[in-house]
Amino acid sequence: MIFRNIRTDNVKNIKMKKIIILLLVCMHAYAQEVKKQSSFKSFVKKNYVNFTEFGGLFGKSYQITPNGSFPTYSYTVKATTNFTVQTFNGVKVYKNLAVGATVGLDWFSNYQLIPVSLGVRNTFGNPQTKKVKFFTGIDAGYGFMWLNDTIENQTVKGGLALSPMIGLVIPTGNNTGFTISMGYKGNVFSSRSESGTEEYPYIVDNQYSLNRMAIRLGVNF
C-alpha cells in the first residue's frame with residue numbers, strides 16, 4: 001500500500017515537471033517572438049523613407065480610335081497642364097536604396113487616374129550631411145479609374161502606369177528635406193461607348209496614351 005502511494009506521487013511529480021517545462025518553452029517562444037517583432041518595428045522605424053510630391057504634367061497626349069476593320073488612327077489631344085500628386089512609402093534595403101509602394105492621383109481633362117505602383121528610390125550621399133543630394137526613382141504599376149463618374153452606356157478601364165524620375169533633396173534638418181524632381185509620366189487607359197439599338201449597335205472604343213513630363217515639388221523624410 002505504501003509502495004503504491006509513492007509510485008502515484010512520482011507520476012504526479014513527473015507530470016508536473018512536464019507541465020512546467022512546457023510552460024517554460026512556451027514562455028521562451030513568446031519572448032523570442034516579442035523580441036523579433038520589436039526588432040522588426042525598430043528596423044522599419046529606423047529605415048522608413050517617404051517622398052510626398054505634387055506638381056504639374058506637361059506635354060502631348062494621344063487618343064487612338066479603332067475604325068472598324070481598318071487600321072487604327074490617332075490624333076493629338078490638346079496639350080494642357082494637369083495636376084499630379086503622389087506619396088511613396090518604403091524601407092531602406094541597402095544603404096540609401098529604398099523599396100516600397102507609391103499611390104498617386106493624376107488629372108487628365110475629364111478623367112482622374114489613381115496609379116498604384118511598386119517603387120524604388122535611391123538617394124546619393126551621406127544622409128547625415130546638410131548638402132544637397134541627388135535622388136533617382138521609378139514607379140511601375142496600374143492606373144485605376146475609381147474616381148470617375150459613372151456615365152450611362154460608357155465604361156472606362158485603367159492601364160499601365162510608369163514614372164521614372166530624377167531630382168534633388170534639399171536638407172532641412174532632422175533627416176527631412178524639400179524635394180524637386182523632373183521625370184516622365186506615362187498612363188494608359190481606355191473607354192467604350194455603346195449606343196444604337198440591339199439590331200444596329202454602335203460601339204466606339206477609345207484608347208488614351210498619356211506621355212507627359214512631370215515636374216514636382218515635395219518633402220522627404
# chains A, B, ... in the order shown; residues from 1 in each chain; ligands from 1

$ residues_around --residues "stretch 161-164 of chain A" --least-positions-apart "2" --cutoff "6 Å" --atoms "only C-alpha atoms" --output "ChimeraX atom specification"
/A:137-143,183-187

$ residues_around --residues "A:Ile180" --least-positions-apart "3" --cutoff "10 Å" --atoms "only C-alpha atoms" --output "short mmCIF file (atom, residue, chain, number, x, y, z; two decimals) with N, CA and C atoms, in the first residue's frame"
data_model
loop_
_atom_site.label_atom_id
_atom_site.label_comp_id
_atom_site.auth_asym_id
_atom_site.auth_seq_id
_atom_site.Cartn_x
_atom_site.Cartn_y
_atom_site.Cartn_z
N GLU A 53 4.98 64.22 -53.01
CA GLU A 53 5.24 65.26 -54.00
C GLU A 53 3.96 65.65 -54.75
N PHE A 54 3.94 66.88 -55.24
CA PHE A 54 2.85 67.34 -56.09
C PHE A 54 3.44 68.24 -57.17
N GLY A 55 2.72 68.37 -58.27
CA GLY A 55 3.25 69.20 -59.35
C GLY A 55 2.37 69.18 -60.57
N PHE A 134 21.39 64.28 -54.78
CA PHE A 134 20.62 63.78 -55.91
C PHE A 134 19.83 62.54 -55.48
N PHE A 135 18.70 62.34 -56.12
CA PHE A 135 17.98 61.08 -55.94
C PHE A 135 17.36 60.67 -57.28
N ILE A 166 14.23 61.90 -61.71
CA ILE A 166 15.50 62.30 -61.11
C ILE A 166 15.26 63.64 -60.42
N GLY A 167 15.93 63.85 -59.28
CA GLY A 167 15.67 65.09 -58.57
C GLY A 167 16.71 65.42 -57.53
N LEU A 168 16.39 66.44 -56.73
CA LEU A 168 17.28 66.93 -55.68
C LEU A 168 16.55 66.88 -54.34
N VAL A 169 17.31 66.56 -53.29
CA VAL A 169 16.82 66.64 -51.92
C VAL A 169 17.58 67.77 -51.22
N ILE A 170 16.84 68.76 -50.71
CA ILE A 170 17.45 69.90 -50.02
C ILE A 170 17.20 69.73 -48.53
N ILE A 215 6.90 67.62 -63.44
CA ILE A 215 7.76 68.45 -62.59
C ILE A 215 7.06 68.54 -61.23
N ARG A 216 7.77 68.14 -60.17
CA ARG A 216 7.13 68.05 -58.85
C ARG A 216 7.98 68.72 -57.77
N LEU A 217 7.29 69.21 -56.75
CA LEU A 217 7.89 69.68 -55.51
C LEU A 217 7.35 68.81 -54.38
N GLY A 218 8.11 68.68 -53.31
CA GLY A 218 7.63 67.86 -52.22
C GLY A 218 8.52 67.86 -51.00
N VAL A 219 8.29 66.87 -50.16
CA VAL A 219 9.06 66.71 -48.93
C VAL A 219 9.57 65.27 -48.85
#

$ residues_around --residues "A:Gln112" --least-positions-apart "2" --cutoff "9 Å" --atoms "only C-alpha atoms" --output "JSON, numbers by chain"
{"A": [105, 106, 107, 108, 109, 110, 114, 144, 145, 146, 147, 148]}

$ closest_residue --among "A:Val99, A:Val132, A:Val188, A:Leu113" --to "A:Thr176" --atoms "only C-alpha atoms"
A:Val132

$ atom_distance --atom1 "atom CA of A:Asn96" --atom2 "atom CA of A:Met182"
19.8 Å

$ atom_distance --atom1 "atom CA of A:Gly100" --atom2 "atom CA of A:Gln207"
29.6 Å

$ atom_distance --atom1 "atom CA of A:Val103" --atom2 "atom CA of A:Glu152"
28.5 Å

$ closest_residue --among "A:Tyr111, A:Phe189, A:Tyr48, A:Phe178" --to "A:Ala98" --atoms "only C-alpha atoms"
A:Tyr48

$ closest_residue --among "A:Asn153, A:Gly104, A:Met213, A:Thr80" --to "A:Pro201" --atoms "only C-alpha atoms"
A:Asn153

$ residues_around --residues "A:Thr155" --least-positions-apart "5" --cutoff "10 Å" --atoms "only C-alpha atoms" --output "PyMOL selection string"
chain A and resi 148-150+190-194+205
